[in-house]
>>> print(open('entry26.cif').read())   # mmCIF, C-alpha atoms and all ligand atoms
data_my_file
loop_
_atom_site.label_atom_id
_atom_site.label_comp_id
_atom_site.auth_asym_id
_atom_site.auth_seq_id
_atom_site.Cartn_x
_atom_site.Cartn_y
_atom_site.Cartn_z
CA MET Y 16 0.00 0.00 0.00
CA LEU Y 17 1.47 3.37 -1.01
CA LYS Y 18 1.30 6.38 1.31
CA GLN Y 19 0.96 9.97 0.15
CA GLU Y 20 4.51 10.81 1.32
CA ASP Y 21 6.19 7.79 -0.34
CA ILE Y 22 8.74 8.62 -3.01
CA ILE Y 23 8.29 6.26 -5.93
CA THR Y 24 11.19 6.01 -8.38
CA LEU Y 25 10.89 4.62 -11.88
CA ALA Y 26 14.42 3.69 -13.01
CA ILE Y 27 15.77 2.64 -16.40
CA GLU Y 28 19.11 0.97 -17.19
CA SER Y 29 20.32 0.21 -20.73
CA SER Y 30 24.07 0.91 -20.70
CA CYS Y 31 25.20 -2.46 -22.07
CA ASP Y 32 23.32 -5.68 -22.82
CA GLU Y 33 20.57 -5.65 -20.18
CA THR Y 34 17.32 -3.74 -20.67
CA SER Y 35 16.15 -3.21 -17.11
CA VAL Y 36 13.40 -1.20 -15.45
CA SER Y 37 12.67 -1.00 -11.74
CA VAL Y 38 10.18 0.62 -9.40
CA LEU Y 39 11.41 1.53 -5.92
CA LYS Y 40 9.70 2.87 -2.83
CA ASN Y 41 11.68 5.37 -0.75
CA GLY Y 42 14.99 4.41 -2.37
CA ARG Y 43 15.69 1.03 -0.83
CA GLU Y 44 12.50 -1.00 -1.21
CA VAL Y 45 12.34 -2.72 -4.59
CA LEU Y 46 8.76 -3.10 -5.84
CA SER Y 47 9.95 -4.55 -9.16
CA ASN Y 48 13.27 -5.05 -10.96
CA ILE Y 49 12.74 -6.48 -14.45
CA ILE Y 50 15.95 -7.50 -16.23
CA ASN Y 51 15.76 -8.48 -19.87
CA SER Y 52 19.18 -9.90 -20.72
CA GLN Y 53 20.43 -10.02 -24.31
CA ILE Y 54 23.25 -12.45 -23.51
CA GLU Y 55 21.84 -15.14 -25.83
CA GLN Y 56 21.92 -12.70 -28.78
CA HIS Y 57 25.57 -11.74 -28.16
CA LYS Y 58 26.93 -15.18 -27.26
CA LYS Y 59 27.50 -16.25 -30.85
CA PHE Y 60 29.75 -13.20 -31.38
CA GLY Y 61 31.81 -13.87 -28.24
CA GLY Y 62 30.97 -10.48 -26.75
CA VAL Y 63 28.50 -7.58 -26.84
CA VAL Y 64 27.89 -6.16 -30.34
CA PRO Y 65 26.95 -2.48 -29.75
CA GLU Y 66 24.62 -2.15 -32.75
CA VAL Y 67 22.75 -5.34 -31.85
CA ALA Y 68 22.48 -4.12 -28.22
CA SER Y 69 20.87 -0.80 -29.24
CA ARG Y 70 18.34 -2.52 -31.51
CA LYS Y 71 17.37 -5.04 -28.85
CA HIS Y 72 16.93 -2.24 -26.29
CA ILE Y 73 14.55 -0.48 -28.69
CA GLU Y 74 12.55 -3.69 -29.19
CA ASN Y 75 12.39 -4.39 -25.45
CA ILE Y 76 12.15 -1.10 -23.62
CA ASN Y 77 8.38 -0.41 -23.71
CA GLU Y 78 7.50 -3.94 -22.75
CA VAL Y 79 9.99 -3.92 -19.85
CA ILE Y 80 8.58 -0.61 -18.58
CA ASP Y 81 5.03 -2.03 -18.67
CA GLU Y 82 6.18 -5.16 -16.88
CA ALA Y 83 7.98 -3.18 -14.16
CA LEU Y 84 4.88 -1.04 -13.50
CA ALA Y 85 2.60 -4.08 -13.45
CA GLU Y 86 4.82 -6.13 -11.14
CA GLY Y 87 5.34 -3.09 -8.88
CA LYS Y 88 1.55 -2.64 -8.80
CA VAL Y 89 1.89 1.05 -9.67
CA SER Y 90 0.76 3.25 -12.54
CA PHE Y 91 2.40 6.34 -14.03
CA GLU Y 92 0.25 8.44 -11.63
CA ASP Y 93 2.12 6.96 -8.65
CA ILE Y 94 5.62 7.83 -9.93
CA THR Y 95 7.43 10.71 -8.16
CA HIS Y 96 10.46 10.96 -10.43
CA VAL Y 97 12.38 9.10 -13.17
CA GLY Y 98 15.99 7.87 -12.85
CA VAL Y 99 18.09 6.75 -15.80
CA THR Y 100 21.66 5.68 -16.55
CA TYR Y 101 23.35 8.26 -18.80
CA GLY Y 102 26.90 6.84 -18.65
CA PRO Y 103 29.34 5.21 -18.77
CA GLY Y 104 28.37 2.63 -21.37
CA LEU Y 105 27.70 2.08 -25.05
CA VAL Y 106 26.38 5.30 -26.55
CA GLY Y 107 23.66 3.75 -28.72
CA ALA Y 108 22.49 1.54 -25.85
CA LEU Y 109 22.43 4.42 -23.35
CA LEU Y 110 20.42 6.61 -25.73
CA VAL Y 111 17.53 4.14 -25.82
CA GLY Y 112 16.97 4.17 -22.04
CA LEU Y 113 17.64 7.88 -21.86
CA SER Y 114 15.10 8.71 -24.59
CA ALA Y 115 12.45 6.57 -22.91
CA ALA Y 116 13.12 8.21 -19.51
CA LYS Y 117 13.03 11.71 -20.97
CA ALA Y 118 9.81 10.96 -22.85
CA ILE Y 119 8.13 9.78 -19.63
CA ALA Y 120 9.46 12.74 -17.62
CA TYR Y 121 8.23 15.16 -20.29
CA ALA Y 122 4.84 13.55 -20.86
CA ARG Y 123 4.06 13.16 -17.13
CA ASP Y 124 5.83 16.36 -16.05
CA LEU Y 125 8.11 14.46 -13.66
CA PRO Y 126 11.59 15.35 -12.38
CA LEU Y 127 14.46 13.52 -14.11
CA ASN Y 128 17.63 12.18 -12.43
CA GLY Y 129 20.53 11.09 -14.64
CA VAL Y 130 22.59 8.38 -12.92
CA ASN Y 131 26.19 7.26 -13.22
CA HIS Y 132 26.20 3.49 -13.81
CA ILE Y 133 29.29 2.87 -11.64
CA GLU Y 134 27.64 4.65 -8.70
CA GLY Y 135 24.68 2.37 -9.29
CA HIS Y 136 26.83 -0.70 -8.64
CA ILE Y 137 27.85 0.71 -5.23
CA TYR Y 138 24.22 1.51 -4.32
CA ALA Y 139 23.15 -2.09 -4.98
CA ASN Y 140 24.52 -2.60 -1.47
CA PHE Y 141 22.10 -0.07 0.03
CA ILE Y 142 19.22 -2.12 -1.36
CA GLU Y 143 20.67 -5.37 -0.04
CA HIS Y 144 21.68 -4.04 3.38
CA LYS Y 145 18.95 -1.74 4.64
CA GLU Y 146 21.05 -0.32 7.53
CA LEU Y 147 24.21 0.32 5.49
CA GLU Y 148 25.42 3.93 5.48
CA PRO Y 149 28.62 5.56 4.20
CA PRO Y 150 31.57 5.95 4.84
CA PHE Y 151 33.28 2.80 3.57
CA ILE Y 152 35.79 1.55 1.02
CA CYS Y 153 34.12 0.14 -2.08
CA LEU Y 154 35.76 -2.26 -4.49
CA ILE Y 155 33.87 -1.98 -7.79
CA VAL Y 156 34.77 -4.75 -10.22
CA SER Y 157 32.71 -5.09 -13.38
CA GLY Y 158 33.13 -5.83 -17.07
CA GLY Y 159 34.18 -2.27 -17.82
CA HIS Y 160 35.57 -0.95 -14.51
CA SER Y 161 37.81 -1.77 -11.59
CA HIS Y 162 37.88 0.93 -8.93
CA LEU Y 163 38.78 1.32 -5.29
CA VAL Y 164 36.67 4.15 -3.98
CA HIS Y 165 36.32 5.85 -0.62
CA MET Y 166 32.60 6.62 -0.42
CA LYS Y 167 32.49 9.42 2.16
CA ASP Y 168 28.80 10.26 1.88
CA TYR Y 169 25.95 9.96 -0.63
CA GLY Y 170 27.31 11.42 -3.87
CA ASP Y 171 30.75 12.06 -2.36
CA TYR Y 172 33.51 9.77 -3.66
CA GLU Y 173 37.27 9.74 -3.68
CA VAL Y 174 38.76 7.38 -6.26
CA LEU Y 175 41.85 5.85 -4.63
CA GLY Y 176 42.75 3.32 -7.31
CA LYS Y 177 41.67 2.04 -10.68
CA THR Y 178 42.77 -0.31 -13.40
CA ARG Y 179 45.49 0.91 -15.72
CA ASP Y 180 44.48 -1.48 -18.50
CA ASP Y 181 41.86 -4.27 -18.50
CA ALA Y 182 38.98 -4.26 -16.04
CA ALA Y 183 38.76 -7.35 -13.82
CA GLY Y 184 35.65 -8.66 -15.62
CA GLU Y 185 37.26 -8.03 -18.99
CA ALA Y 186 40.24 -10.18 -17.93
CA PHE Y 187 37.82 -12.96 -16.87
CA ASP Y 188 36.01 -12.70 -20.23
CA LYS Y 189 39.22 -12.70 -22.30
CA VAL Y 190 40.77 -15.65 -20.49
CA ALA Y 191 37.47 -17.57 -20.75
CA ARG Y 192 37.40 -16.90 -24.46
CA ALA Y 193 40.96 -18.22 -24.87
CA LEU Y 194 39.86 -21.34 -22.99
CA GLY Y 195 36.87 -21.72 -25.33
CA LEU Y 196 34.36 -21.20 -22.52
CA GLY Y 197 32.03 -18.72 -24.21
CA TYR Y 198 30.59 -15.36 -23.14
CA PRO Y 199 30.31 -14.03 -20.47
CA GLY Y 200 33.38 -15.76 -19.12
CA GLY Y 201 33.30 -14.80 -15.45
CA PRO Y 202 30.60 -17.24 -14.34
CA GLN Y 203 32.21 -20.10 -16.36
CA ILE Y 204 35.64 -19.53 -14.81
CA ASP Y 205 34.05 -19.27 -11.37
CA ARG Y 206 32.32 -22.63 -11.89
CA LEU Y 207 35.39 -24.41 -13.32
CA ALA Y 208 37.73 -22.96 -10.70
CA LYS Y 209 35.88 -24.98 -8.06
CA GLU Y 210 37.02 -28.18 -9.80
CA GLY Y 211 40.63 -27.10 -10.39
CA ASN Y 212 43.83 -26.72 -8.36
CA LYS Y 213 44.47 -23.02 -7.74
CA ASP Y 214 48.15 -23.67 -6.99
CA ALA Y 215 48.77 -25.66 -10.18
CA ILE Y 216 50.14 -22.79 -12.30
CA PRO Y 217 51.94 -19.82 -10.69
CA PHE Y 218 50.46 -16.91 -12.67
CA PRO Y 219 51.85 -13.43 -11.83
CA LYS Y 220 50.21 -10.74 -9.68
CA ALA Y 221 50.94 -7.10 -10.51
CA TYR Y 222 51.36 -4.99 -7.38
CA LEU Y 223 52.66 -1.89 -9.25
CA GLU Y 224 54.57 0.76 -7.25
CA GLU Y 225 54.81 0.65 -3.48
CA GLY Y 226 51.63 2.07 -1.95
CA SER Y 227 49.64 2.16 -5.22
CA TYR Y 228 45.98 1.13 -5.11
CA ASP Y 229 45.84 0.83 -8.91
CA PHE Y 230 45.35 -2.48 -10.66
CA SER Y 231 46.76 -4.01 -13.84
CA PHE Y 232 45.42 -7.23 -15.30
CA SER Y 233 46.91 -7.22 -18.81
CA GLY Y 234 50.17 -8.88 -17.68
CA LEU Y 235 48.24 -11.68 -16.01
CA LYS Y 236 46.03 -12.10 -19.08
CA SER Y 237 49.15 -12.32 -21.33
CA ALA Y 238 50.74 -14.85 -18.96
CA VAL Y 239 47.66 -17.07 -19.29
CA LEU Y 240 47.64 -16.72 -23.09
CA ASN Y 241 51.38 -17.52 -23.25
CA TYR Y 242 50.88 -20.58 -21.06
CA LEU Y 243 48.05 -21.81 -23.32
CA ASN Y 244 50.20 -21.29 -26.44
CA SER Y 245 53.18 -23.11 -24.99
CA GLN Y 246 50.98 -26.04 -23.97
CA LYS Y 247 49.57 -26.19 -27.51
CA MET Y 248 53.07 -26.06 -29.06
CA LYS Y 249 54.17 -28.93 -26.84
CA GLY Y 250 51.06 -30.84 -27.85
CA SER Y 251 50.13 -31.10 -24.15
CA GLU Y 252 46.56 -31.20 -22.98
CA ILE Y 253 45.32 -28.00 -21.35
CA PRO Y 254 44.21 -28.49 -17.75
CA VAL Y 255 41.26 -26.08 -18.17
CA ALA Y 256 39.99 -26.26 -14.59
CA ASP Y 257 43.52 -25.71 -13.18
CA VAL Y 258 44.06 -22.70 -15.48
CA ALA Y 259 40.71 -21.24 -14.39
CA ALA Y 260 41.48 -21.81 -10.70
CA SER Y 261 45.05 -20.45 -10.90
CA PHE Y 262 43.99 -17.38 -12.91
CA GLN Y 263 41.10 -16.65 -10.54
CA LYS Y 264 43.41 -17.02 -7.54
CA SER Y 265 45.75 -14.31 -8.92
CA VAL Y 266 42.87 -11.88 -9.59
CA VAL Y 267 41.19 -12.53 -6.26
CA GLU Y 268 44.38 -12.17 -4.21
CA ILE Y 269 45.40 -8.89 -5.77
CA LEU Y 270 41.90 -7.40 -5.43
CA THR Y 271 41.61 -8.52 -1.82
CA GLU Y 272 45.08 -7.43 -0.73
CA LYS Y 273 44.67 -3.95 -2.22
CA ALA Y 274 41.15 -3.43 -0.85
CA VAL Y 275 42.12 -4.53 2.68
CA GLN Y 276 45.31 -2.45 2.66
CA CYS Y 277 43.31 0.55 1.47
CA ALA Y 278 40.77 0.21 4.32
CA LEU Y 279 43.55 -0.19 6.89
CA ASP Y 280 45.48 2.84 5.53
CA LYS Y 281 42.34 4.99 5.54
CA GLY Y 282 41.30 3.80 9.00
CA LEU Y 283 37.94 2.52 7.73
CA ASP Y 284 36.45 -0.67 9.14
CA ARG Y 285 34.08 -1.55 6.31
CA ILE Y 286 34.57 -2.81 2.73
CA VAL Y 287 31.70 -3.08 0.29
CA LEU Y 288 31.95 -5.11 -2.92
CA ALA Y 289 30.14 -4.13 -6.13
CA GLY Y 290 29.86 -4.90 -9.86
CA GLY Y 291 29.47 -8.07 -11.92
CA VAL Y 292 32.70 -9.66 -10.62
CA ALA Y 293 31.34 -9.26 -7.07
CA ALA Y 294 29.33 -12.38 -8.00
CA ASN Y 295 32.57 -14.39 -8.01
CA SER Y 296 32.46 -16.99 -5.27
CA GLY Y 297 36.26 -17.09 -4.87
CA LEU Y 298 36.43 -13.32 -4.40
CA ARG Y 299 33.61 -13.33 -1.82
CA GLU Y 300 35.26 -16.16 0.11
CA VAL Y 301 38.77 -14.68 0.25
CA MET Y 302 37.50 -11.16 0.98
CA GLU Y 303 35.33 -12.50 3.78
CA ARG Y 304 38.27 -14.37 5.31
CA GLU Y 305 40.77 -11.51 5.03
CA CYS Y 306 38.32 -8.89 6.28
CA LYS Y 307 37.51 -11.03 9.30
CA LYS Y 308 41.24 -11.40 10.03
CA ASN Y 309 41.58 -7.61 10.01
CA GLN Y 310 38.34 -6.85 11.88
CA ILE Y 311 36.80 -5.23 8.83
CA ASP Y 312 33.07 -5.55 8.18
CA PHE Y 313 32.47 -6.94 4.68
CA LYS Y 314 29.30 -6.51 2.62
CA PHE Y 315 28.28 -7.61 -0.87
CA PRO Y 316 25.01 -7.67 -2.82
CA SER Y 317 23.02 -10.76 -3.82
CA LEU Y 318 23.76 -12.18 -7.30
CA THR Y 319 20.91 -10.37 -9.13
CA LEU Y 320 21.99 -7.04 -7.70
CA CYS Y 321 25.70 -7.60 -8.62
CA THR Y 322 25.19 -7.55 -12.37
CA ASP Y 323 23.47 -4.75 -14.29
CA ASN Y 324 19.95 -3.93 -13.09
CA ALA Y 325 17.75 -0.85 -12.82
CA ALA Y 326 17.04 -1.11 -9.07
CA MET Y 327 20.60 0.00 -8.24
CA ILE Y 328 20.17 2.95 -10.64
CA GLY Y 329 16.89 3.89 -8.96
CA CYS Y 330 18.57 3.90 -5.56
CA VAL Y 331 21.14 6.50 -6.73
CA ALA Y 332 18.35 8.52 -8.38
CA TYR Y 333 16.43 8.55 -5.08
CA TYR Y 334 19.36 9.82 -2.99
CA ASP Y 335 20.07 12.50 -5.63
CA TYR Y 336 16.38 13.45 -5.73
CA ILE Y 337 16.05 13.94 -1.97
CA ARG Y 338 19.17 16.14 -2.05
CA GLY Y 339 17.41 18.37 -4.60
CA ILE Y 340 19.47 17.30 -7.61
CA ARG Y 341 17.66 17.39 -10.98
CA SER Y 342 18.70 16.77 -14.59
CA GLY Y 343 17.37 18.77 -17.51
CA LEU Y 344 15.49 17.28 -20.45
CA ASP Y 345 18.59 18.12 -22.51
CA LEU Y 346 20.53 15.41 -20.63
CA ASN Y 347 22.71 13.50 -23.09
CA ALA Y 348 24.41 10.10 -23.01
CA PHE Y 349 27.98 10.24 -21.71
CA PRO Y 350 29.83 7.02 -22.72
CA SER Y 351 33.01 7.79 -20.74
CA LEU Y 352 31.41 9.33 -17.63
CA LYS Y 353 33.72 9.04 -14.59
CA ILE Y 354 32.62 8.35 -11.05
CA GLY Y 355 31.81 11.57 -9.19
CA GLN Y 356 31.50 13.48 -12.49
CA ARG Y 357 28.21 15.21 -13.40
CA TYR Y 358 26.78 16.69 -16.59
O1 LIG Y 401 28.61 -5.15 -13.82
P1 LIG Y 401 28.38 -5.97 -15.04
O2 LIG Y 401 27.09 -6.76 -15.14
O3 LIG Y 401 28.48 -5.12 -16.33
C1 LIG Y 401 29.34 -4.01 -16.44
O4 LIG Y 401 28.93 -2.91 -15.96
O5 LIG Y 401 30.44 -4.21 -16.96
O6 LIG Y 401 29.61 -6.96 -15.11
C2 LIG Y 401 29.75 -7.93 -16.10
C3 LIG Y 401 31.06 -8.65 -15.84
C4 LIG Y 401 31.44 -9.60 -16.96
O7 LIG Y 401 32.79 -9.35 -17.31
C5 LIG Y 401 31.28 -10.98 -16.33
O8 LIG Y 401 32.15 -11.95 -16.87
C6 LIG Y 401 31.59 -10.68 -14.88
O9 LIG Y 401 30.99 -9.43 -14.63
N1 LIG Y 401 31.05 -11.71 -13.98
C7 LIG Y 401 31.82 -12.51 -13.22
C8 LIG Y 401 30.95 -13.40 -12.54
N2 LIG Y 401 29.67 -13.07 -12.90
C9 LIG Y 401 29.75 -12.03 -13.78
N3 LIG Y 401 33.15 -12.56 -13.08
C10 LIG Y 401 33.66 -13.49 -12.25
N4 LIG Y 401 32.89 -14.38 -11.58
C11 LIG Y 401 31.54 -14.37 -11.69
N5 LIG Y 401 30.80 -15.25 -11.03
ZN ZN Y 402 27.62 -2.68 -14.74
#
>>> encode(input="entry26.cif", output="structure tokens")
Amino acid sequence: MLKQEDIITLAIESSCDETSVSVLKNGREVLSNIINSQIEQHKKFGGVVPEVASRKHIENINEVIDEALAEGKVSFEDITHVGVTYGPGLVGALLVGLSAAKAIAYARDLPLNGVNHIEGHIYANFIEHKELEPPFICLIVSGGHSHLVHMKDYGDYEVLGKTRDDAAGEAFDKVARALGLGYPGGPQIDRLAKEGNKDAIPFPKAYLEEGSYDFSFSGLKSAVLNYLNSQKMKGSEIPVADVAASFQKSVVEILTEKAVQCALDKGLDRIVLAGGVAANSGLREVMERECKKNQIDFKFPSLTLCTDNAAMIGCVAYYDYIRGIRSGLDLNAFPSLKIGQRY
């Protein structure tokens, strides 16, 4: 039952290959979160094809909006404001969600809140953990981004480290592809790693300069590719599960060590995990163990909230809305939007 004072957010996410629409009540209560994934359409190409993604978003968007309203048991009359991802992401894909959101805001005379997709990943944790409040250190690891962020308050971030080359999820996807595991690779590697020996192959870990919170995964990726080539040249069988486990171990250890060190250096006793790679069972396990050892509270979202979804976008939109932030109807897509940046 809705009350007069409830703030109802209609949120739209279309930055990559998921068309998603969500309805939220007062920021953290999800009334619906419809996710229409295009993964099947992109699988045969081994990755997301931007043009295909845009077309599929156009085909899906109206239906997903209707479904989100129906499942949330609300109508357009109940909506207080509209939130939408405007970057970072694929420009053609972003434009579909953005145009739909602007059309609704214009037609219903509703306030519009443009949302940064990376911030959305962090806020997935506010939906999962109703009592969670900033400050904390957030490790955001997705297909396009790897960031260590000090979230000081709502909308207030300090980026302490980021990847200098491949994002963590990108490394998972590229290694999976080399192993012939298909797209997206992260979940496949995660599954196979459970059957393999993580100490079988000593893949490198890049720490970079002393005290740096940045990441680099391209060296590790090349080491895996070189190993696979040398095995092929020798005519030896590739121990796929061992490669998956050893590769995952390197990624997980470097992410965990840097995140924990960062929290200790900043004197913060909480780490929050976000982004598609936050679904990785090895990462959750090692982070949990190391955080416990260092008396750091560790939080992560459930699997559906880790990967792209509109509920996390709606949560950011809500906190922006209650702080009086509004976007104009001239809001444009911003494919390379950085965290903390606003247009
Ligand atoms: O956050 P996300 O849905 O999209 C971006 O904003 O990029 O993240 C997708 C990424 C993909 O690279 C996918 O392989 C990875 O998250 N991923 C995983 C797992 N589930 C998804 N990586 C490792 N282990 C998983 N279980
Ligand atoms: Zn994402």
>>> residues_around(input="entry26.cif", residues="Y:Gly62", least_positions_apart="2", cutoff="9 Å", atoms="all atoms listed in the file", output="compact mmCIF listing (two decimals) with C-alpha atoms, in the coordinates of the input")
# COMPACT_ATOMS: atom_id res chain seq x y z
CA ILE Y 54 23.25 -12.45 -23.51
CA HIS Y 57 25.57 -11.74 -28.16
CA LYS Y 58 26.93 -15.18 -27.26
CA LYS Y 59 27.50 -16.25 -30.85
CA PHE Y 60 29.75 -13.20 -31.38
CA VAL Y 64 27.89 -6.16 -30.34
CA ASP Y 188 36.01 -12.70 -20.23
CA GLY Y 197 32.03 -18.72 -24.21
CA TYR Y 198 30.59 -15.36 -23.14
CA PRO Y 199 30.31 -14.03 -20.47
>>> residues_near_ligand(input="entry26.cif", ligand="ligand LIG 401 (chain Y)", cutoff="9 Å", atoms="all atoms listed in the file", output="count of residues only")
49
>>> atom_distance(input="entry26.cif", atom1="atom CA of Y:Ile137", atom2="atom CA of Y:Phe315")
9.4 Å
>>> residues_around(input="entry26.cif", residues="Y:Thr95", least_positions_apart="4", cutoff="10 Å", atoms="only C-alpha atoms", output="PDB file with C-alpha atoms, in the frame of the given file")
ATOM      1  CA  GLU Y  20       4.510  10.810   1.320  1.00  0.00           C
ATOM      2  CA  ASP Y  21       6.190   7.790  -0.340  1.00  0.00           C
ATOM      3  CA  ILE Y  22       8.740   8.620  -3.010  1.00  0.00           C
ATOM      4  CA  ILE Y  23       8.290   6.260  -5.930  1.00  0.00           C
ATOM      5  CA  THR Y  24      11.190   6.010  -8.380  1.00  0.00           C
ATOM      6  CA  LEU Y  25      10.890   4.620 -11.880  1.00  0.00           C
ATOM      7  CA  LYS Y  40       9.700   2.870  -2.830  1.00  0.00           C
ATOM      8  CA  PHE Y  91       2.400   6.340 -14.030  1.00  0.00           C
ATOM      9  CA  ALA Y 120       9.460  12.740 -17.620  1.00  0.00           C
ATOM     10  CA  ARG Y 123       4.060  13.160 -17.130  1.00  0.00           C
ATOM     11  CA  ASP Y 124       5.830  16.360 -16.050  1.00  0.00           C
ATOM     12  CA  LEU Y 125       8.110  14.460 -13.660  1.00  0.00           C
ATOM     13  CA  PRO Y 126      11.590  15.350 -12.380  1.00  0.00           C
ATOM     14  CA  LEU Y 127      14.460  13.520 -14.110  1.00  0.00           C
ATOM     15  CA  TYR Y 333      16.430   8.550  -5.080  1.00  0.00           C
ATOM     16  CA  TYR Y 336      16.380  13.450  -5.730  1.00  0.00           C
TER      17      TYR Y 336
END
>>> residues_around(input="entry26.cif", residues="Y:Val174", least_positions_apart="3", cutoff="12 Å", atoms="only C-alpha atoms", output="PyMOL selection string")
chain Y and resi 133-134+152-155+161-167+171+177-178+228-229+277+353-356
>>> closest_residue(input="entry26.cif", among="Y:Gly234, Y:Gly170, Y:Gly102, Y:Gly107", to="ligand ZN 402 (chain Y)", atoms="only C-alpha atoms and all ligand atoms")
Y:Gly102
>>> atom_distance(input="entry26.cif", atom1="atom CA of Y:Tyr169", atom2="atom CA of Y:Leu84")
27.0 Å
>>> atom_distance(input="entry26.cif", atom1="atom CA of Y:Ser35", atom2="atom CA of Y:Ile50")
4.4 Å
>>> closest_residue(input="entry26.cif", among="Y:Lys209, Y:Lys273, Y:Lys314, Y:Arg285", to="Y:Ala256", atoms="all atoms listed in the file")
Y:Lys209
>>> closest_residue(input="entry26.cif", among="Y:Ile76, Y:Met327, Y:Leu147, Y:Ile216", to="ligand ZN 402 (chain Y)", atoms="all atoms listed in the file")
Y:Met327
>>> closest_residue(input="entry26.cif", among="Y:Lys236, Y:Lys220, Y:Arg70, Y:Lys145", to="Y:Asp181", atoms="all atoms listed in the file")
Y:Lys236
>>> closest_residue(input="entry26.cif", among="Y:Ile286, Y:Leu105, Y:Glu225, Y:Asp180", to="Y:Pro65", atoms="all atoms listed in the file")
Y:Leu105
>>> closest_residue(input="entry26.cif", among="Y:Leu175, Y:Ala83, Y:Val190, Y:Ala139", to="Y:Ser261", atoms="all atoms listed in the file")
Y:Val190
>>> residues_around(input="entry26.cif", residues="stretch 36-39 of chain Y", least_positions_apart="4", cutoff="6 Å", atoms="all atoms listed in the file", output="compact mmCIF listing (two decimals) with C-alpha atoms, in the frame of the given file")
# COMPACT_ATOMS: atom_id res chain seq x y z
CA ILE Y 23 8.29 6.26 -5.93
CA THR Y 24 11.19 6.01 -8.38
CA LEU Y 25 10.89 4.62 -11.88
CA ALA Y 26 14.42 3.69 -13.01
CA ILE Y 27 15.77 2.64 -16.40
CA GLU Y 44 12.50 -1.00 -1.21
CA VAL Y 45 12.34 -2.72 -4.59
CA LEU Y 46 8.76 -3.10 -5.84
CA SER Y 47 9.95 -4.55 -9.16
CA ASN Y 48 13.27 -5.05 -10.96
CA ILE Y 49 12.74 -6.48 -14.45
CA ILE Y 80 8.58 -0.61 -18.58
CA ALA Y 83 7.98 -3.18 -14.16
CA ALA Y 325 17.75 -0.85 -12.82
CA ALA Y 326 17.04 -1.11 -9.07
>>> build_atoms(input="entry26.cif", residues="stretch 231-242 of chain Y", atoms="N, CA and C atoms", output="PDB file, keeping the file's coordinate frame")
ATOM      1  N   SER Y 231      46.407  -3.737 -12.449  1.00  0.00           N
ATOM      2  CA  SER Y 231      46.760  -4.010 -13.840  1.00  0.00           C
ATOM      3  C   SER Y 231      46.537  -5.496 -14.066  1.00  0.00           C
ATOM      4  N   PHE Y 232      45.718  -5.814 -15.052  1.00  0.00           N
ATOM      5  CA  PHE Y 232      45.420  -7.230 -15.300  1.00  0.00           C
ATOM      6  C   PHE Y 232      45.929  -7.709 -16.662  1.00  0.00           C
ATOM      7  N   SER Y 233      46.520  -6.798 -17.465  1.00  0.00           N
ATOM      8  CA  SER Y 233      46.910  -7.220 -18.810  1.00  0.00           C
ATOM      9  C   SER Y 233      48.109  -8.178 -18.772  1.00  0.00           C
ATOM     10  N   GLY Y 234      49.017  -7.989 -17.802  1.00  0.00           N
ATOM     11  CA  GLY Y 234      50.170  -8.880 -17.680  1.00  0.00           C
ATOM     12  C   GLY Y 234      49.729 -10.298 -17.329  1.00  0.00           C
ATOM     13  N   LEU Y 235      48.780 -10.387 -16.421  1.00  0.00           N
ATOM     14  CA  LEU Y 235      48.240 -11.680 -16.010  1.00  0.00           C
ATOM     15  C   LEU Y 235      47.543 -12.365 -17.192  1.00  0.00           C
ATOM     16  N   LYS Y 236      46.744 -11.558 -17.908  1.00  0.00           N
ATOM     17  CA  LYS Y 236      46.030 -12.100 -19.080  1.00  0.00           C
ATOM     18  C   LYS Y 236      47.049 -12.647 -20.100  1.00  0.00           C
ATOM     19  N   SER Y 237      48.127 -11.871 -20.374  1.00  0.00           N
ATOM     20  CA  SER Y 237      49.150 -12.320 -21.330  1.00  0.00           C
ATOM     21  C   SER Y 237      49.840 -13.581 -20.832  1.00  0.00           C
ATOM     22  N   ALA Y 238      50.079 -13.656 -19.516  1.00  0.00           N
ATOM     23  CA  ALA Y 238      50.740 -14.850 -18.960  1.00  0.00           C
ATOM     24  C   ALA Y 238      49.878 -16.083 -19.199  1.00  0.00           C
ATOM     25  N   VAL Y 239      48.560 -15.930 -19.049  1.00  0.00           N
ATOM     26  CA  VAL Y 239      47.660 -17.070 -19.290  1.00  0.00           C
ATOM     27  C   VAL Y 239      47.702 -17.459 -20.779  1.00  0.00           C
ATOM     28  N   LEU Y 240      47.635 -16.441 -21.654  1.00  0.00           N
ATOM     29  CA  LEU Y 240      47.640 -16.720 -23.090  1.00  0.00           C
ATOM     30  C   LEU Y 240      48.962 -17.394 -23.504  1.00  0.00           C
ATOM     31  N   ASN Y 241      50.080 -16.910 -22.944  1.00  0.00           N
ATOM     32  CA  ASN Y 241      51.380 -17.520 -23.250  1.00  0.00           C
ATOM     33  C   ASN Y 241      51.443 -18.975 -22.790  1.00  0.00           C
ATOM     34  N   TYR Y 242      50.903 -19.210 -21.597  1.00  0.00           N
ATOM     35  CA  TYR Y 242      50.880 -20.580 -21.060  1.00  0.00           C
ATOM     36  C   TYR Y 242      50.078 -21.495 -21.990  1.00  0.00           C
TER      37      TYR Y 242
END
